[in-house]
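See below for the structure under consideration.
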Amino acid sequence: MTDFIECDWEYGVPAALRRGGMHGIDFGIETADRHSFFTLAPERRGACLTEDQALKNGPEAGERHLTVEMAEGRWSAVLTSRLRERSLTLSASLTTLSPSLFQDFVVRAVFSTASFTEAAIAGEHFEHTGSNIYHQHPVRHAVLSGPNGTLEIRVTECTALSAFEQVLYIRDAPEGWVVHARLIPKPPYALLWVRWFNRFARLSLPDWVSRAMLSVPALKSRLWYAAERGGRNALQLQASGLAHLNSGERIALTMEMTFERS
C-alpha cells in the first residue's frame, strides 16, 4: 500500500482522496443568499453558473475559475488545490461583480464515516452519531482521528473584510464527516433573516419582519442559527444575519489538511 495520498481529480477540484483507510469523498465551495444556494454538488439552487474553466486538473495541483449569478448578487471565484505527500491544501477566493448579499462563504471537505472515529474542536470531543449538529467555533484548528490515522485541519489564510468572521466546524452528517472553513456575517448585519425550510416549501421573511421578530430577546436567542445547533431533529426554522459586499470586494479562505497514518 502506498504511503502517498492518492487523489482523483474532476475539472480542477479533488473528487476523491485516499491515504490508507482515510477517504475524502467531496471537496469544493459553498455560499448562499436568501433565495439561492451555490455548491459544486448537485444540490445547487437558484444559482446560474455562467463561466466555468479548469486551468489545471492534477495530478499534483488543480485550478478552477467560476462566474456565478445568484438571486442577490454576482461574483467570480478561483479555486486552487495543491497535493503533497501527506497533505491537501484547498484555497478559494471570491470577488463580487455586483453588490451582493451573503449568508456565508465556505471551503468544504467531506470524509467517509468509516475514516475516523472521533472529532476534536475547541475542546469538544465527539463521535459520529449522525446528529448533523454543527460543532462550530471561531478557531482555525480541528482534528479527526481513529485507528486509520489522524487528520489535522488548519485554516491557514483568511480574508474576511469587516463584514465577516472566520469560523470552523465539524458536522457528523449522514454522508460523513463534514468539515467547513467558513466566513459568516458579523454585526452590524446588512440584513436580518428568518427562514423556514421543509421538503415542500421555503419561506424567507423580509428584513423588516425579521427585525421585528428578533427584537424580542428570548425569540432571537431561540431562533439564532437554531437549525444548525439543533441537528437532524430540529425544525428547519432559524434566524441569521446577512453580509453585504460592494462590487469589486474580495474574500478568501485556505484550509490545509495533513494526514498521519497509524
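For the C-alpha cells, the naming scheme is as follows: chains receive sequential letters (A, B, ...) according to their order of presentation, residues are indexed from 1 within each chain, and ligands are indexed from 1 in presentation order.
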
* **Residue set, region 20-246 of chain A restricted to alpha helix (DSSP H), as a list in words** =>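 The residues of region 20-246 of chain A classed as alpha helix (DSSP H) are Asp207, Trp208, Val209, Ser210, Arg211, Ala212, Met213, Leu214, Pro217, Ala218, Leu219, Lys220, Ser221, Arg222, Leu223, Ala226, Ala227, Glu228, Arg229 and Gly230 of chain A.
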
* To do: Would you list the contacts of region 90-92 of chain A as a PyMOL selection string, taking every protein, DNA or RNA residue within 10 Å and counting only C-alpha atoms, but skipping same-chain residues closer than 4 positions in sequence?
  => chain A and resi 13-14+27-29+61-65+77-83+105-109+155-158+251-257

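The interatomic distance for the pair CA of His35 (chain A) and CA of Arg171 (chain A) works out to 23.8 Å.
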
Within 12 Å of Ala201 (chain A), counting only C-alpha atoms, which residues qualify if same-chain residues fewer than 5 places away don't, as an mmCIF file with all heavy atoms, in the first residue's frame?
data_model
loop_
_atom_site.group_PDB
_atom_site.id
_atom_site.type_symbol
_atom_site.label_atom_id
_atom_site.label_comp_id
_atom_site.auth_asym_id
_atom_site.auth_seq_id
_atom_site.Cartn_x
_atom_site.Cartn_y
_atom_site.Cartn_z
ATOM 1 N N ARG A 195 -35.894 32.346 8.272
ATOM 2 C CA ARG A 195 -36.339 31.463 7.185
ATOM 3 C C ARG A 195 -36.799 30.127 7.753
ATOM 4 O O ARG A 195 -36.385 29.696 8.831
ATOM 5 C CB ARG A 195 -35.231 31.272 6.153
ATOM 6 C CG ARG A 195 -33.913 30.730 6.671
ATOM 7 C CD ARG A 195 -33.903 29.223 6.763
ATOM 8 N NE ARG A 195 -32.579 28.651 6.919
ATOM 9 C CZ ARG A 195 -32.371 27.384 7.269
ATOM 10 N NH1 ARG A 195 -33.369 26.572 7.553
ATOM 11 N NH2 ARG A 195 -31.125 26.930 7.383
ATOM 12 N N TRP A 196 -37.671 29.491 6.978
ATOM 13 C CA TRP A 196 -38.179 28.166 7.328
ATOM 14 C C TRP A 196 -38.168 27.309 6.073
ATOM 15 O O TRP A 196 -38.732 27.692 5.042
ATOM 16 C CB TRP A 196 -39.591 28.257 7.889
ATOM 17 C CG TRP A 196 -40.206 26.913 8.181
ATOM 18 C CD1 TRP A 196 -39.736 25.968 9.038
ATOM 19 C CD2 TRP A 196 -41.415 26.389 7.613
ATOM 20 N NE1 TRP A 196 -40.568 24.872 9.045
ATOM 21 C CE2 TRP A 196 -41.615 25.105 8.185
ATOM 22 C CE3 TRP A 196 -42.344 26.877 6.698
ATOM 23 C CZ2 TRP A 196 -42.696 24.311 7.848
ATOM 24 C CZ3 TRP A 196 -43.429 26.080 6.365
ATOM 25 C CH2 TRP A 196 -43.599 24.811 6.941
ATOM 26 N N GLN A 236 -36.629 23.148 10.841
ATOM 27 C CA GLN A 236 -35.748 23.941 9.974
ATOM 28 C C GLN A 236 -36.185 25.406 9.919
ATOM 29 O O GLN A 236 -36.451 25.974 8.858
ATOM 30 C CB GLN A 236 -35.701 23.321 8.585
ATOM 31 C CG GLN A 236 -34.988 21.989 8.540
ATOM 32 C CD GLN A 236 -33.540 22.102 9.016
ATOM 33 O OE1 GLN A 236 -32.750 22.863 8.470
ATOM 34 N NE2 GLN A 236 -33.193 21.339 10.047
#

* So which one's closest to Arg34 (chain A), A:Phe116, A:Phe200, A:Trp177, A:Phe102? Using only C-alpha atoms, please. -> A:Phe102

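The spacing separating CA of Ala160 (chain A) from CA of Asn132 (chain A) amounts to 26.1 Å.
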
* Counting only C-alpha atoms, the residue of A:Ser36, A:Ala120, A:Thr95, A:Glu72 that sits nearest Thr150 (chain A) ->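 Nearest to Thr150 (chain A): A:Ala120.
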
* **strand (DSSP E or B) residues, from DSSP on the backbone, in region 58-210 of chain A, as a VMD selection string** => chain A and resid 61 to 70 73 to 83 87 to 96 100 to 102 104 to 111 118 to 121 124 to 126 134 to 137 141 to 146 149 to 159 164 to 173 176 to 185 191 to 197 202 to 204

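Distance annotation: of A:Thr113, A:Ser76, A:Ser98, A:Thr39, the residue with the minimal separation from Ile25 (chain A) is A:Thr113; atom set is only C-alpha atoms.
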
* Asked: Near region 134-139 of chain A, within 10 Å and counting only C-alpha atoms, which residues show up once chain neighbours fewer than 6 positions away are dropped, as a PyMOL selection string?
  -> chain A and resi 119-122+124-126+154-155+165-173+178-183+225+227-231

Restrict the selected residues to N, CA and C atoms and save them as a PDB file, in the first residue's frame.
ATOM      1  N   ALA A 119     -13.946  13.275  16.528  1.00  0.00           N
ATOM      2  CA  ALA A 119     -13.582  14.634  16.141  1.00  0.00           C
ATOM      3  C   ALA A 119     -13.258  15.435  17.385  1.00  0.00           C
ATOM      4  N   ALA A 120     -12.334  16.390  17.230  1.00  0.00           N
ATOM      5  CA  ALA A 120     -11.982  17.287  18.325  1.00  0.00           C
ATOM      6  C   ALA A 120     -11.861  18.699  17.771  1.00  0.00           C
ATOM      7  N   ILE A 121     -12.576  19.642  18.416  1.00  0.00           N
ATOM      8  CA  ILE A 121     -12.519  21.036  18.005  1.00  0.00           C
ATOM      9  C   ILE A 121     -12.847  21.915  19.207  1.00  0.00           C
ATOM     10  N   ALA A 122     -11.962  22.857  19.505  1.00  0.00           N
ATOM     11  CA  ALA A 122     -12.169  23.836  20.584  1.00  0.00           C
ATOM     12  C   ALA A 122     -12.560  23.177  21.907  1.00  0.00           C
ATOM     13  N   GLU A 124     -14.120  20.369  22.360  1.00  0.00           N
ATOM     14  CA  GLU A 124     -15.190  19.389  22.183  1.00  0.00           C
ATOM     15  C   GLU A 124     -14.618  18.098  21.594  1.00  0.00           C
ATOM     16  N   HIS A 125     -15.103  16.962  22.094  1.00  0.00           N
ATOM     17  CA  HIS A 125     -14.750  15.664  21.542  1.00  0.00           C
ATOM     18  C   HIS A 125     -16.047  14.888  21.315  1.00  0.00           C
ATOM     19  N   PHE A 126     -16.243  14.362  20.116  1.00  0.00           N
ATOM     20  CA  PHE A 126     -17.493  13.656  19.842  1.00  0.00           C
ATOM     21  C   PHE A 126     -17.279  12.610  18.762  1.00  0.00           C
ATOM     22  N   ARG A 154      -6.325  22.792   9.406  1.00  0.00           N
ATOM     23  CA  ARG A 154      -5.940  24.149   9.778  1.00  0.00           C
ATOM     24  C   ARG A 154      -6.421  25.150   8.733  1.00  0.00           C
ATOM     25  N   VAL A 155      -7.005  26.235   9.211  1.00  0.00           N
ATOM     26  CA  VAL A 155      -7.296  27.378   8.346  1.00  0.00           C
ATOM     27  C   VAL A 155      -6.039  28.244   8.357  1.00  0.00           C
ATOM     28  N   GLU A 165     -16.766  37.112   9.997  1.00  0.00           N
ATOM     29  CA  GLU A 165     -15.829  36.499  10.923  1.00  0.00           C
ATOM     30  C   GLU A 165     -15.561  35.071  10.460  1.00  0.00           C
ATOM     31  N   GLN A 166     -14.374  34.569  10.780  1.00  0.00           N
ATOM     32  CA  GLN A 166     -13.980  33.229  10.367  1.00  0.00           C
ATOM     33  C   GLN A 166     -14.310  32.223  11.465  1.00  0.00           C
ATOM     34  N   VAL A 167     -14.936  31.121  11.071  1.00  0.00           N
ATOM     35  CA  VAL A 167     -15.218  30.020  11.988  1.00  0.00           C
ATOM     36  C   VAL A 167     -14.838  28.716  11.290  1.00  0.00           C
ATOM     37  N   LEU A 168     -14.799  27.657  12.085  1.00  0.00           N
ATOM     38  CA  LEU A 168     -14.523  26.316  11.573  1.00  0.00           C
ATOM     39  C   LEU A 168     -15.507  25.372  12.239  1.00  0.00           C
ATOM     40  N   TYR A 169     -16.063  24.436  11.461  1.00  0.00           N
ATOM     41  CA  TYR A 169     -16.939  23.463  12.117  1.00  0.00           C
ATOM     42  C   TYR A 169     -16.739  22.067  11.564  1.00  0.00           C
ATOM     43  N   ILE A 170     -17.108  21.096  12.409  1.00  0.00           N
ATOM     44  CA  ILE A 170     -17.204  19.693  12.006  1.00  0.00           C
ATOM     45  C   ILE A 170     -18.622  19.232  12.300  1.00  0.00           C
ATOM     46  N   ARG A 171     -19.203  18.522  11.343  1.00  0.00           N
ATOM     47  CA  ARG A 171     -20.589  18.060  11.457  1.00  0.00           C
ATOM     48  C   ARG A 171     -20.632  16.567  11.153  1.00  0.00           C
ATOM     49  N   ASP A 172     -21.271  15.794  12.032  1.00  0.00           N
ATOM     50  CA  ASP A 172     -21.412  14.349  11.796  1.00  0.00           C
ATOM     51  C   ASP A 172     -22.694  14.106  10.993  1.00  0.00           C
ATOM     52  N   ALA A 173     -22.586  14.415   9.695  1.00  0.00           N
ATOM     53  CA  ALA A 173     -23.734  14.350   8.793  1.00  0.00           C
ATOM     54  C   ALA A 173     -23.979  12.927   8.310  1.00  0.00           C
ATOM     55  N   VAL A 178     -18.306  16.128   7.833  1.00  0.00           N
ATOM     56  CA  VAL A 178     -18.289  17.346   7.023  1.00  0.00           C
ATOM     57  C   VAL A 178     -17.462  18.404   7.747  1.00  0.00           C
ATOM     58  N   VAL A 179     -16.469  18.948   7.049  1.00  0.00           N
ATOM     59  CA  VAL A 179     -15.594  19.982   7.610  1.00  0.00           C
ATOM     60  C   VAL A 179     -15.753  21.240   6.767  1.00  0.00           C
ATOM     61  N   HIS A 180     -16.099  22.350   7.422  1.00  0.00           N
ATOM     62  CA  HIS A 180     -16.246  23.620   6.727  1.00  0.00           C
ATOM     63  C   HIS A 180     -15.376  24.686   7.373  1.00  0.00           C
ATOM     64  N   ALA A 181     -14.434  25.236   6.606  1.00  0.00           N
ATOM     65  CA  ALA A 181     -13.848  26.529   6.957  1.00  0.00           C
ATOM     66  C   ALA A 181     -14.827  27.567   6.421  1.00  0.00           C
ATOM     67  N   ARG A 182     -15.272  28.472   7.269  1.00  0.00           N
ATOM     68  CA  ARG A 182     -16.467  29.256   6.940  1.00  0.00           C
ATOM     69  C   ARG A 182     -16.297  30.714   7.322  1.00  0.00           C
ATOM     70  N   LEU A 183     -16.792  31.600   6.479  1.00  0.00           N
ATOM     71  CA  LEU A 183     -16.976  33.003   6.822  1.00  0.00           C
ATOM     72  C   LEU A 183     -18.459  33.240   7.033  1.00  0.00           C
ATOM     73  N   TYR A 225     -29.455  30.733  14.452  1.00  0.00           N
ATOM     74  CA  TYR A 225     -28.808  29.524  13.942  1.00  0.00           C
ATOM     75  C   TYR A 225     -29.378  28.254  14.576  1.00  0.00           C
ATOM     76  N   ALA A 227     -31.450  25.820  13.519  1.00  0.00           N
ATOM     77  CA  ALA A 227     -31.415  24.554  12.778  1.00  0.00           C
ATOM     78  C   ALA A 227     -30.019  23.942  12.791  1.00  0.00           C
ATOM     79  N   GLU A 228     -28.995  24.783  12.716  1.00  0.00           N
ATOM     80  CA  GLU A 228     -27.622  24.280  12.757  1.00  0.00           C
ATOM     81  C   GLU A 228     -27.281  23.733  14.134  1.00  0.00           C
ATOM     82  N   ARG A 229     -27.747  24.422  15.171  1.00  0.00           N
ATOM     83  CA  ARG A 229     -27.449  23.973  16.532  1.00  0.00           C
ATOM     84  C   ARG A 229     -28.259  22.738  16.908  1.00  0.00           C
ATOM     85  N   GLY A 230     -29.451  22.604  16.308  1.00  0.00           N
ATOM     86  CA  GLY A 230     -30.353  21.521  16.688  1.00  0.00           C
ATOM     87  C   GLY A 230     -30.095  20.202  16.004  1.00  0.00           C
ATOM     88  N   GLY A 231     -29.493  20.239  14.816  1.00  0.00           N
ATOM     89  CA  GLY A 231     -29.151  18.998  14.137  1.00  0.00           C
ATOM     90  C   GLY A 231     -30.320  18.343  13.438  1.00  0.00           C
TER      91      GLY A 231
END

* Straight-line distance linking CA of Gly146 (chain A) with CA of Ala41 (chain A), stated in Å to one decimal ->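 Separating CA of Gly146 (chain A) from CA of Ala41 (chain A) is a distance of 27.4 Å.
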
* Asked: Quick one: residues within 12 Å of Ser247 (chain A), only C-alpha atoms counted, chain neighbours fewer than 5 positions away excluded, as a ChimeraX atom specification?
  -> /A:73-76,94-101

May I have the residues from that selection written out with N, CA and C atoms, as an mmCIF file, in the first residue's frame?
data_model
loop_
_atom_site.group_PDB
_atom_site.id
_atom_site.type_symbol
_atom_site.label_atom_id
_atom_site.label_comp_id
_atom_site.auth_asym_id
_atom_site.auth_seq_id
_atom_site.Cartn_x
_atom_site.Cartn_y
_atom_site.Cartn_z
ATOM 1 N N GLY A 73 -26.887 38.677 -6.068
ATOM 2 C CA GLY A 73 -25.512 39.086 -6.342
ATOM 3 C C GLY A 73 -24.896 38.310 -7.487
ATOM 4 N N ARG A 74 -23.743 38.805 -7.915
ATOM 5 C CA ARG A 74 -22.977 38.148 -8.980
ATOM 6 C C ARG A 74 -21.511 38.212 -8.587
ATOM 7 N N TRP A 75 -20.779 37.107 -8.795
ATOM 8 C CA TRP A 75 -19.398 37.052 -8.336
ATOM 9 C C TRP A 75 -18.584 36.065 -9.175
ATOM 10 N N SER A 76 -17.265 36.200 -9.078
ATOM 11 C CA SER A 76 -16.343 35.227 -9.672
ATOM 12 C C SER A 76 -15.545 34.584 -8.546
ATOM 13 N N LEU A 94 -13.276 34.705 -3.599
ATOM 14 C CA LEU A 94 -14.493 35.174 -4.262
ATOM 15 C C LEU A 94 -14.409 36.681 -4.403
ATOM 16 N N THR A 95 -14.667 37.191 -5.607
ATOM 17 C CA THR A 95 -14.668 38.624 -5.880
ATOM 18 C C THR A 95 -16.023 39.014 -6.441
ATOM 19 N N THR A 96 -16.670 39.984 -5.828
ATOM 20 C CA THR A 96 -18.006 40.386 -6.262
ATOM 21 C C THR A 96 -17.932 41.163 -7.576
ATOM 22 N N LEU A 97 -18.895 40.880 -8.446
ATOM 23 C CA LEU A 97 -19.027 41.583 -9.717
ATOM 24 C C LEU A 97 -20.219 42.539 -9.703
ATOM 25 N N SER A 98 -20.956 42.523 -8.597
ATOM 26 C CA SER A 98 -22.072 43.446 -8.367
ATOM 27 C C SER A 98 -22.266 43.533 -6.857
ATOM 28 N N PRO A 99 -23.000 44.513 -6.349
ATOM 29 C CA PRO A 99 -23.348 44.486 -4.922
ATOM 30 C C PRO A 99 -24.050 43.167 -4.603
ATOM 31 N N SER A 100 -23.641 42.511 -3.502
ATOM 32 C CA SER A 100 -24.100 41.141 -3.247
ATOM 33 C C SER A 100 -24.349 40.918 -1.770
ATOM 34 N N LEU A 101 -25.306 40.046 -1.474
ATOM 35 C CA LEU A 101 -25.604 39.610 -0.119
ATOM 36 C C LEU A 101 -25.128 38.176 0.079
#

* Test item: residues at most 12 Å from Trp208 (chain A), only C-alpha atoms, excluding those fewer than 3 positions along its chain, as number ranges by chain -> A: 190-194, 204-205, 211-215
